[in-house]
Amino acid sequence: MSDRPSGLPLAEEIMKRLRDDLGYSKQGAEAIIAELATCRDEVKKAFAAWWVDGRLDTLEVEGWTAQKISERFGCLPPAAILNLDWLLTEPIAARAALQRGVDRIVPEKAWTKPPELN
Amino acid sequence: MDLVQANLEDLEQFQGLLANAGAMVQEIHQVLGTLLDRMSQDWKDAEHDRFVGAFLSAESALGAFAQSSETYSRYVQRLIQDLEEYLSTTLRYDSATSGAVFRSSADWHRDLVRRDVQHAVGILQPIVPNLYSEWSSLTPAERLEKLQDVQSRLAASQSRSSVPLVSSPMGVSDFGVYDGRQIQVNQDHLASSERFWEILDTLIHEDRHAYQHWSLITPGFHSDPGQVRAWADNWENYLDPKEVPFRRYRSQPTENDAFWFAESVVLGIIGRNHVG
């Protein structure tokens, strides 16, 4: 853990841990680093707490902790923590999104030729 | 007017009155019947006999009305609850009822999508209200078949091929998947009779991904090449919601378009305008 004013590790350290330990895609890890640069201080502190001792319950916003988000949506810890930033800054939109849930596209298969025109 | 397009406040008022209507009608009928019995001791002419005949024939009709009002009151109450549930999951909507055009925007992408939205609303508007009213009586397999029909109609209206629709086991917060070959919807959501609007939204959302895919492999199909390039780039660098916060996941080009499109179509069907 660095002694940088933000309390956050260096970007290279975050990239390495996310990629090596959590199996992040490159673009996913880059997105986390970019989000961390602009998120609220309390979210940075929550991220730092997870980084040091794995805790996901140090910050609660609108009834949600990173632990709850992770359990409900299967998010990896960095994503779960940064969802709290959205709840802090745009609570109505964030609550709606959390209620709605998610979908996915599967990119590697998406380039296959679709069925013939009916 | 389709009931699903009614203003929610009007629906609530109507439902409240309907819930009491049957009981009120029966109560008045009973009071009249009691009074009529008493009056019959003194009123004994031909008009009395005709009135008693009319009263008795009204009795069965009023009973049927009381029963119907109870049934429809429950239906409208469920519709209100389902709509409120769905609306709470949409990010932006205008509570005004339909009739107005979509709000103007300088955003070229959005203007194009608005045209697509209006087209899709026109295709689905005639079939969705009936589908909603029969939804709770259908089996999951029948629901899937009906949703496949919705997807096929949407695809055919855009001159592209339909894709198979399947139901799959998923986590409680996972709504759907488009994998380039087929659309998957959450089988638990499909089995629930209370998630009609969510599953319709999911189907339209995943079908929008199929539209994006078709645009990527069919040059000139989508009229904005810049948007197609953005989708292609995003497809190669897709941000999975397990890895990134939802705000970023939802704002990537493929998801932003699909969320906005599906919400706008469903809101259009129920007579509301998407704002933003």
# chains A, B, ... in the order shown; residues from 1 in each chain; ligands from 1

$ select_by_dssp --residues "chain A" --states "strand (DSSP E or B)" --output "PyMOL selection string"
chain A and resi 60-61+64-65+102-105

$ write_last_selection --atoms "C-alpha atoms" --output "short mmCIF file (atom, residue, chain, number, x, y, z; two decimals), in the first residue's frame"
data_model
loop_
_atom_site.label_atom_id
_atom_site.label_comp_id
_atom_site.auth_asym_id
_atom_site.auth_seq_id
_atom_site.Cartn_x
_atom_site.Cartn_y
_atom_site.Cartn_z
CA GLU A 60 -22.60 2.13 3.17
CA VAL A 61 -24.56 4.28 0.73
CA TRP A 64 -25.83 -0.73 -0.06
CA THR A 65 -22.32 -1.85 0.83
CA VAL A 102 -27.72 -6.42 -16.02
CA ASP A 103 -27.45 -8.21 -19.31
CA ARG A 104 -24.45 -9.21 -21.34
CA ILE A 105 -23.28 -9.66 -24.85
#

$ select_by_dssp --residues "chain A" --states "alpha helix (DSSP H)" --output "ChimeraX atom specification"
/A:11-22,26-38,41-53,66-73,77-89,91-100,107-110

$ residues_around --residues "region 12-20 of chain A" --least-positions-apart "2" --cutoff "10 Å" --atoms "only C-alpha atoms" --output "count of residues only"
20

$ residues_around --residues "Ser215 (chain B)" --least-positions-apart "5" --cutoff "10 Å" --atoms "only C-alpha atoms" --output "list of chain:residue names"
B:Arg160, B:His209, B:Ala210, B:Gly220, B:Phe221, B:His222, B:Ser223, B:Asp224, B:Pro225, B:Gln227, B:Val228, B:Arg229, B:Trp231, B:Ala232

$ residues_around --residues "Ala120 (chain B)" --least-positions-apart "5" --cutoff "12 Å" --atoms "only C-alpha atoms" --output "PyMOL selection string"
chain B and resi 113-115+125-128+150-158+204-205+207-208+261-269

$ residues_around --residues "Ala79 (chain A)" --least-positions-apart "4" --cutoff "7 Å" --atoms "only C-alpha atoms" --output "ChimeraX atom specification"
/A:75,83 /B:242-245

$ residues_around --residues "region 64-69 of chain B" --least-positions-apart "5" --cutoff "8 Å" --atoms "only C-alpha atoms" --output "ChimeraX atom specification"
/B:18-19,21-23,25-26

$ closest_residue --among "A:Arg72, A:Arg55, A:Thr38, A:Leu88" --to "chain B" --atoms "only C-alpha atoms"
A:Arg72

$ atom_distance --atom1 "CA of Asp179 (chain B)" --atom2 "CA of Asp149 (chain B)"
19.3 Å

$ closest_residue --among "A:Phe73, A:Leu56, A:Glu35, A:Glu42" --to "Arg100 (chain A)" --atoms "only C-alpha atoms"
A:Phe73

$ closest_residue --among "A:Val52, A:Ala66, A:Leu36, A:Ala31" --to "chain B" --atoms "only C-alpha atoms"
A:Ala31

$ atom_distance --atom1 "CA of Asp201 (chain B)" --atom2 "CA of Ser137 (chain B)"
19.9 Å
